[in-house]
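Structure, as structure tokens:
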Amino acid sequence: MSEKAAAAPARVVLVQPPSYDWLTPSNGLALINAHLRAAGVTPRIVDSSMRVRKALSSRLKRTFKDHVEYHEALTGSPRVVAGLLAREVDAILEGAPDVVAFAVLTYTEKWSLDMAAAIKALRPSTRVVFGGAQCLRENNAFEFIRNPSVDAVMLGEADVSFVKYLRALKRAGKGGTLPRIRGVLMKAAGGEILDGGDEEGVEDIDSLPFLDFSGFPMKDYVGDAMYINTTRSCVRRCRFCTHFMMQKVYGVMSPQRTLAEIQHHLETFPNRKLIIFSDSLVNGDTRRLAKLADLLLDFRLERLARRGEDGDFAWSGMAILHRTTTLALLRKLKASGCIELAYGLESGSQKVIDAMDKKFKITDAEEVIRNTKKAGIRVKTYLQFGFPGETEEDFRETLVFIRKNAAFLGQVSISFSEIYKGSDMDLRPEHHGIKLPIEDRTRWESSDGTNTYEIRMDRCRRAAETARKAGIDVVEVYASKLGF
């Protein structure tokens, strides 16, 4: 046995709980998988989100067109889902694993906690680890570690900390004492919480291993897409958001390294023809994006020459609205295979945009959106209603924006403002005019009573109706639909 293999438990299970995209495997787990395998650990992958979706679809005799419909079905079928989750727990515990690690996101939090409790009830000696976007020091990390079913929480990036945690378990042996580990919250004997402080994170993004999908049931994913990450954090600090907290410093993968990973995955999985950049934004550095587009164009032409149309591929991603994203750049992106860009517009009111600290002008946003469509790229926009300070007049400005630009908007995703733990809205509620105490982060109210859950819901419905009448595809993503 190698020194690396001897340094960590051999029985590790990585779990993707519901509800997550069932069309493609989790890039987050694939990265952790790569780090573990480099350390001599071969984890078992259990994609419970994909498995439960398949079983639930069969039980309900219906398909789910998107993630929202899947989540609605989960929350609306508690008895059926309870049975399916029990089956997943049995599958996870096959082989008596030492460690079970959950990828905890907003939509997977409830099911992660339910499954963790079931695992602990059946096999108390198995250590349950939480990691992911909901496990930041600023949001839910301490809430999770205080849960009796959770043994450790990886703070932020788990590239280094999870491997160190596994090695510490191996060295300590059964019943041994664990030291504090940077990037990890964990329980010691007697329930004391050990805080190892924050991990420094990965500065050189090019040094990251390729995502490793070994052990994933690739044949069971019915889509043709694959997620990859090529940047970390965000160049914006929007008042409602917590995404940038996962990685404190914005970092980018070089164009050459990005191309190498895309080429690797397209060659390894020939049926995957759509690369989705799951970065917070692809255009945080437009010079880097332009260089990547040049490389992708050459690679695309080479594949077309070698394989014909069967060799073609496409890509999509999220982007910020900024005038540096010019028509010339957008046309270059289109030639390189870009088929869709998703913009965080959020509002058609400049006053609301400024309050969110989104740092763009509505006139510039309109120009970028129109140029994106002109370049032949589908436009998706995110809208949210009821941000603190939004008035009925501000809301109507957004409706005007929708009608005015309907011909350029392929899809709008509609939600309302919630108070995410750790966001500026959460840390400075008085600044935003939010009524205290905050007893419900979904049903919060403004201090003056002009912004309530009911008002936000009404604006969502009216915006959806306006968009549909204008011929725009609408996705509604808000708490009442998702069962929160």
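Identifiers in the structure tokens: chain A, B, ... in order shown; residue index from 1 per chain; ligand index from 1 in order shown.
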Do you have, as a tab-separated table, the list of residues of range 24-83 of chain A lying at most 12 Å from range 114-137 of chain A, each with its nearest atom pair and that distance in Å to one decimal, counting only C-alpha atoms and ordered by chain then number?
residue	atom	partner	partner_atom	distance
A:Ser26	CA	A:Gly132	CA	11.5
A:Asn27	CA	A:Gly132	CA	11.6
A:Gly28	CA	A:Gly132	CA	8.1
A:Leu29	CA	A:Gly132	CA	9.5
A:Leu31	CA	A:Gly132	CA	11.9
A:Ile32	CA	A:Gly131	CA	10.3
A:Ser48	CA	A:Met115	CA	10.3
A:Pro78	CA	A:Asp114	CA	11.9
A:Val81	CA	A:Asp114	CA	11.0
A:Ala82	CA	A:Asp114	CA	9.0
A:Gly83	CA	A:Met115	CA	11.3
Just-selected residues, N, CA and C atoms written as a short mmCIF file (atom, residue, chain, number, x, y, z; two decimals), in the first residue's frame:
data_model
loop_
_atom_site.label_atom_id
_atom_site.label_comp_id
_atom_site.auth_asym_id
_atom_site.auth_seq_id
_atom_site.Cartn_x
_atom_site.Cartn_y
_atom_site.Cartn_z
N SER A 26 -22.46 16.32 -11.05
CA SER A 26 -22.02 17.47 -10.27
C SER A 26 -20.54 17.77 -10.50
N ASN A 27 -20.25 18.96 -10.96
CA ASN A 27 -18.84 19.34 -11.14
C ASN A 27 -18.15 19.54 -9.79
N GLY A 28 -18.92 19.95 -8.77
CA GLY A 28 -18.32 20.09 -7.44
C GLY A 28 -17.82 18.78 -6.89
N LEU A 29 -18.65 17.74 -6.97
CA LEU A 29 -18.21 16.42 -6.51
C LEU A 29 -17.10 15.87 -7.39
N LEU A 31 -14.74 17.54 -8.75
CA LEU A 31 -13.47 18.14 -8.34
C LEU A 31 -12.96 17.49 -7.06
N ILE A 32 -13.85 17.29 -6.09
CA ILE A 32 -13.44 16.61 -4.85
C ILE A 32 -12.97 15.20 -5.16
N SER A 48 -27.83 10.80 -5.47
CA SER A 48 -29.21 10.57 -5.04
C SER A 48 -30.18 11.50 -5.75
N PRO A 78 -44.30 14.34 0.07
CA PRO A 78 -43.44 14.00 1.21
C PRO A 78 -43.39 12.52 1.54
N VAL A 81 -41.35 10.68 -1.19
CA VAL A 81 -39.95 11.08 -1.11
C VAL A 81 -39.28 10.47 0.11
N ALA A 82 -40.00 10.38 1.23
CA ALA A 82 -39.42 9.77 2.43
C ALA A 82 -38.98 8.34 2.16
N GLY A 83 -39.81 7.60 1.45
CA GLY A 83 -39.46 6.23 1.11
C GLY A 83 -38.27 6.15 0.17
#
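Residue neighbourhood of range 175-182 of chain A, excluding near-sequence residues (fewer than 2 positions): Ala172, Gly173, Val184, Gly196, Gly197, Asp198 and Glu199 of chain A, at 6 Å, using only C-alpha atoms.
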Output N, CA and C atoms for every residue in the selection just made, as a PDB file, in the first residue's frame.
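What ended up in out34.pdb:
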ATOM      1  N   ALA A 172      -5.477   9.444  13.593  1.00  0.00           N
ATOM      2  CA  ALA A 172      -6.058   9.370  14.942  1.00  0.00           C
ATOM      3  C   ALA A 172      -6.543   7.964  15.264  1.00  0.00           C
ATOM      4  N   GLY A 173      -6.997   7.239  14.244  1.00  0.00           N
ATOM      5  CA  GLY A 173      -7.517   5.902  14.486  1.00  0.00           C
ATOM      6  C   GLY A 173      -8.858   5.940  15.207  1.00  0.00           C
ATOM      7  N   VAL A 184     -11.814  23.646   8.495  1.00  0.00           N
ATOM      8  CA  VAL A 184     -12.750  22.625   8.977  1.00  0.00           C
ATOM      9  C   VAL A 184     -13.334  23.020  10.331  1.00  0.00           C
ATOM     10  N   GLY A 196     -10.869  25.254  13.047  1.00  0.00           N
ATOM     11  CA  GLY A 196      -9.488  25.306  12.581  1.00  0.00           C
ATOM     12  C   GLY A 196      -9.122  26.571  11.850  1.00  0.00           C
ATOM     13  N   GLY A 197     -10.063  27.519  11.762  1.00  0.00           N
ATOM     14  CA  GLY A 197      -9.781  28.736  11.001  1.00  0.00           C
ATOM     15  C   GLY A 197     -10.022  28.521   9.518  1.00  0.00           C
ATOM     16  N   ASP A 198      -9.831  29.555   8.755  1.00  0.00           N
ATOM     17  CA  ASP A 198     -10.111  29.495   7.321  1.00  0.00           C
ATOM     18  C   ASP A 198      -8.921  28.974   6.532  1.00  0.00           C
ATOM     19  N   GLU A 199      -9.222  28.187   5.523  1.00  0.00           N
ATOM     20  CA  GLU A 199      -8.199  27.724   4.592  1.00  0.00           C
ATOM     21  C   GLU A 199      -7.818  28.884   3.679  1.00  0.00           C
TER      22      GLU A 199
END
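Proximity to Glu203 in chain A was assessed for A:Ala328, A:Met253, A:Val400, A:Ala101 counting only C-alpha atoms; the smallest distance is recorded for A:Met253.
Here the residues within range 55-224 of chain A that DSSP labels strand (DSSP E or B) on the basis of the backbone are Val99, Val100, Ala101, Phe102, Ala103, Arg127, Val128, Val129, Phe130, Gly131, Ala152, Val153, Met154, Val184, Leu185, Met186, Lys187, Ile193, Leu194 and Asp195 of chain A.
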Go ahead and write the residues just picked, C-alpha atoms, as a short mmCIF file (atom, residue, chain, number, x, y, z; two decimals), in the first residue's frame.
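Contents of the output file selection02.cif:
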data_model
loop_
_atom_site.label_atom_id
_atom_site.label_comp_id
_atom_site.auth_asym_id
_atom_site.auth_seq_id
_atom_site.Cartn_x
_atom_site.Cartn_y
_atom_site.Cartn_z
CA VAL A 99 -17.14 8.96 5.91
CA VAL A 100 -20.18 10.19 4.00
CA ALA A 101 -19.83 13.68 2.50
CA PHE A 102 -22.81 15.71 1.24
CA ALA A 103 -22.74 18.54 -1.30
CA ARG A 127 -18.83 10.36 10.07
CA VAL A 128 -21.10 12.76 8.22
CA VAL A 129 -19.42 15.71 6.52
CA PHE A 130 -21.11 18.73 4.93
CA GLY A 131 -19.50 20.91 2.28
CA ALA A 152 -17.64 18.09 10.31
CA VAL A 153 -18.20 21.02 7.98
CA MET A 154 -15.78 22.07 5.26
CA VAL A 184 -12.75 22.63 8.98
CA LEU A 185 -15.32 22.86 11.74
CA MET A 186 -15.69 19.59 13.60
CA LYS A 187 -16.89 18.02 16.79
CA ILE A 193 -16.69 22.36 18.37
CA LEU A 194 -13.17 22.74 17.00
CA ASP A 195 -12.66 25.66 14.62
#
Would you list, as a ChimeraX atom specification, the residues of range 114-319 of chain A that end up in alpha helix (DSSP H) under DSSP run on this structure's backbone? /A:114-122,141-145,161-172,255-268,286-307
Requested write-out: C-alpha atoms of the selected residues, as an mmCIF file, in the first residue's frame:
data_model
loop_
_atom_site.group_PDB
_atom_site.id
_atom_site.type_symbol
_atom_site.label_atom_id
_atom_site.label_comp_id
_atom_site.auth_asym_id
_atom_site.auth_seq_id
_atom_site.Cartn_x
_atom_site.Cartn_y
_atom_site.Cartn_z
ATOM 1 C CA ASP A 114 -32.842 14.376 6.580
ATOM 2 C CA MET A 115 -30.464 11.828 5.074
ATOM 3 C CA ALA A 116 -27.716 12.655 7.582
ATOM 4 C CA ALA A 117 -30.101 11.979 10.464
ATOM 5 C CA ALA A 118 -31.094 8.639 8.953
ATOM 6 C CA ILE A 119 -27.442 7.654 8.450
ATOM 7 C CA LYS A 120 -26.601 8.442 12.063
ATOM 8 C CA ALA A 121 -29.610 6.486 13.300
ATOM 9 C CA LEU A 122 -28.575 3.391 11.338
ATOM 10 C CA ALA A 141 -21.608 26.363 8.829
ATOM 11 C CA PHE A 142 -22.110 26.757 12.579
ATOM 12 C CA GLU A 143 -25.781 25.840 12.351
ATOM 13 C CA PHE A 144 -24.797 22.612 10.613
ATOM 14 C CA ILE A 145 -21.994 21.662 12.995
ATOM 15 C CA SER A 161 -9.163 20.736 3.739
ATOM 16 C CA PHE A 162 -11.175 17.590 3.019
ATOM 17 C CA VAL A 163 -8.083 15.541 2.199
ATOM 18 C CA LYS A 164 -6.373 16.859 5.351
ATOM 19 C CA TYR A 165 -9.438 15.909 7.393
ATOM 20 C CA LEU A 166 -9.406 12.340 6.055
ATOM 21 C CA ARG A 167 -5.691 11.992 6.764
ATOM 22 C CA ALA A 168 -6.211 13.257 10.306
ATOM 23 C CA LEU A 169 -8.928 10.632 10.832
ATOM 24 C CA LYS A 170 -6.583 7.909 9.663
ATOM 25 C CA ARG A 171 -3.755 9.049 11.921
ATOM 26 C CA ALA A 172 -6.058 9.370 14.942
ATOM 27 C CA PRO A 255 -7.377 30.228 -21.586
ATOM 28 C CA GLN A 256 -4.910 27.457 -22.426
ATOM 29 C CA ARG A 257 -5.698 25.474 -19.260
ATOM 30 C CA THR A 258 -9.431 25.980 -19.826
ATOM 31 C CA LEU A 259 -9.194 24.670 -23.388
ATOM 32 C CA ALA A 260 -7.204 21.652 -22.223
ATOM 33 C CA GLU A 261 -9.928 20.647 -19.769
ATOM 34 C CA ILE A 262 -12.727 21.164 -22.295
ATOM 35 C CA GLN A 263 -10.832 19.094 -24.852
ATOM 36 C CA HIS A 264 -10.283 16.349 -22.270
ATOM 37 C CA HIS A 265 -13.964 16.052 -21.384
ATOM 38 C CA LEU A 266 -15.230 16.238 -24.967
ATOM 39 C CA GLU A 267 -12.834 13.485 -25.977
ATOM 40 C CA THR A 268 -13.611 11.364 -22.904
ATOM 41 C CA THR A 286 -13.050 40.212 -21.059
ATOM 42 C CA ARG A 287 -9.477 40.068 -22.389
ATOM 43 C CA ARG A 288 -9.121 36.555 -21.014
ATOM 44 C CA LEU A 289 -12.555 35.646 -22.444
ATOM 45 C CA ALA A 290 -11.589 36.936 -25.900
ATOM 46 C CA LYS A 291 -8.405 34.827 -25.880
ATOM 47 C CA LEU A 292 -10.396 31.779 -24.789
ATOM 48 C CA ALA A 293 -12.886 32.388 -27.605
ATOM 49 C CA ASP A 294 -10.047 32.433 -30.136
ATOM 50 C CA LEU A 295 -8.740 29.110 -28.827
ATOM 51 C CA LEU A 296 -12.215 27.563 -28.783
ATOM 52 C CA LEU A 297 -12.864 28.704 -32.350
ATOM 53 C CA ASP A 298 -9.673 27.059 -33.595
ATOM 54 C CA PHE A 299 -10.477 23.899 -31.655
ATOM 55 C CA ARG A 300 -14.044 23.882 -32.957
ATOM 56 C CA LEU A 301 -12.886 24.274 -36.562
ATOM 57 C CA GLU A 302 -10.338 21.492 -36.092
ATOM 58 C CA ARG A 303 -13.012 19.139 -34.762
ATOM 59 C CA LEU A 304 -15.392 20.022 -37.588
ATOM 60 C CA ALA A 305 -12.677 19.322 -40.142
ATOM 61 C CA ARG A 306 -11.828 16.020 -38.491
ATOM 62 C CA ARG A 307 -15.284 14.748 -37.533
#
Pairwise distance for CA of Glu418 in chain A and CA of Met318 in chain A, rounded to one decimal in Å: 20.6 Å
Do a neighbour search on Val235 in chain A at 12 Å with only C-alpha atoms, toss out local chain neighbours closer than 3 positions, and write the hits as a ChimeraX atom specification. /A:231-232,238,243-245,247-252,279-286,319-322,357-359
Residue nearest Val104 in chain A - candidates A:Arg462, A:Arg53, A:Pro18, A:Arg59, atoms counted: only C-alpha atoms: A:Pro18
Restricting the calculation to only C-alpha atoms: of A:Asp448, A:Asp458, A:Asp473, A:Asp220, which residue gets closest to Ile402 in chain A? A:Asp473
Skipping near chain neighbours, those fewer than 6 positions away, what residues fall within 8 Å of Ile419 in chain A using only C-alpha atoms, listed as a PyMOL selection string? chain A and resi 240+425-426+441-442+444
What does the distance from CA of Cys338 in chain A to CA of Ala314 in chain A come to in Å, to one decimal? 5.7 Å
For Lys334 in chain A: contacts at 10 Å, only C-alpha atoms, fewer than 3 positions along chain excluded, given as number ranges by chain: A: 293, 297, 314-316, 328-331, 337-340, 372, 375-378
Atoms to include: N, CA and C atoms. Write the selected residues as a short mmCIF file (atom, residue, chain, number, x, y, z; two decimals), in the first residue's frame.
data_model
loop_
_atom_site.label_atom_id
_atom_site.label_comp_id
_atom_site.auth_asym_id
_atom_site.auth_seq_id
_atom_site.Cartn_x
_atom_site.Cartn_y
_atom_site.Cartn_z
N ALA A 293 -12.03 32.54 -26.42
CA ALA A 293 -12.89 32.39 -27.60
C ALA A 293 -12.07 32.08 -28.85
N LEU A 297 -12.53 28.67 -30.92
CA LEU A 297 -12.86 28.70 -32.35
C LEU A 297 -11.93 27.80 -33.14
N ALA A 314 -21.03 23.18 -28.21
CA ALA A 314 -21.48 24.52 -27.87
C ALA A 314 -21.17 24.79 -26.41
N TRP A 315 -21.31 26.05 -26.01
CA TRP A 315 -21.10 26.39 -24.61
C TRP A 315 -22.02 27.53 -24.19
N SER A 316 -22.23 27.64 -22.88
CA SER A 316 -23.05 28.71 -22.32
C SER A 316 -22.53 29.07 -20.94
N ALA A 328 -18.57 43.22 -30.88
CA ALA A 328 -17.46 42.49 -31.50
C ALA A 328 -17.07 41.27 -30.66
N LEU A 329 -16.99 41.45 -29.35
CA LEU A 329 -16.68 40.31 -28.48
C LEU A 329 -17.78 39.27 -28.54
N LEU A 330 -19.01 39.70 -28.52
CA LEU A 330 -20.13 38.76 -28.55
C LEU A 330 -20.14 37.95 -29.85
N ARG A 331 -19.81 38.58 -30.94
CA ARG A 331 -19.74 37.85 -32.21
C ARG A 331 -18.60 36.83 -32.19
N GLY A 337 -18.73 29.06 -30.32
CA GLY A 337 -19.68 28.04 -29.89
C GLY A 337 -20.67 28.49 -28.84
N CYS A 338 -20.64 29.77 -28.42
CA CYS A 338 -21.56 30.24 -27.38
C CYS A 338 -22.99 30.28 -27.92
N ILE A 339 -23.91 29.65 -27.19
CA ILE A 339 -25.31 29.65 -27.63
C ILE A 339 -26.22 30.40 -26.66
N GLU A 340 -25.77 30.62 -25.41
CA GLU A 340 -26.62 31.34 -24.45
C GLU A 340 -25.75 32.02 -23.40
N THR A 372 -26.25 41.02 -27.69
CA THR A 372 -26.13 39.56 -27.52
C THR A 372 -27.06 38.85 -28.48
N ALA A 375 -25.88 39.18 -32.01
CA ALA A 375 -24.76 38.28 -32.32
C ALA A 375 -25.20 36.84 -32.52
N GLY A 376 -26.47 36.56 -32.26
CA GLY A 376 -26.99 35.20 -32.45
C GLY A 376 -26.93 34.35 -31.21
N ILE A 377 -26.76 34.97 -30.05
CA ILE A 377 -26.68 34.26 -28.78
C ILE A 377 -27.98 34.45 -28.02
N ARG A 378 -28.56 33.37 -27.51
CA ARG A 378 -29.80 33.47 -26.75
C ARG A 378 -29.56 34.18 -25.42
#
Given only C-alpha atoms as the basis, pick out the residue of A:Ser214, A:Thr42, A:Ser446, A:Asn139 nearest to Pro97 in chain A. A:Thr42
Quick one: residues within 9 Å of Tyr227 in chain A, only C-alpha atoms counted, chain neighbours fewer than 4 positions away excluded, as a list in words?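 Contacts, in chain order: Thr24, Pro25, Ser26, Asn27, Leu274, Ile275, Ile276, Phe277 and Ser278 of chain A.
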Could you tell me how far CA of Phe408 in chain A sits from CA of Ala463 in chain A, in Å to one decimal place?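 Value for the CA of Ala463 in chain A-CA of Phe408 in chain A distance: 16.5 Å.
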Of the listed residues A:Asp424, A:Asp440, A:Glu390, A:Glu465, that which approaches Arg403 in chain A most closely, counting only C-alpha atoms: A:Glu465
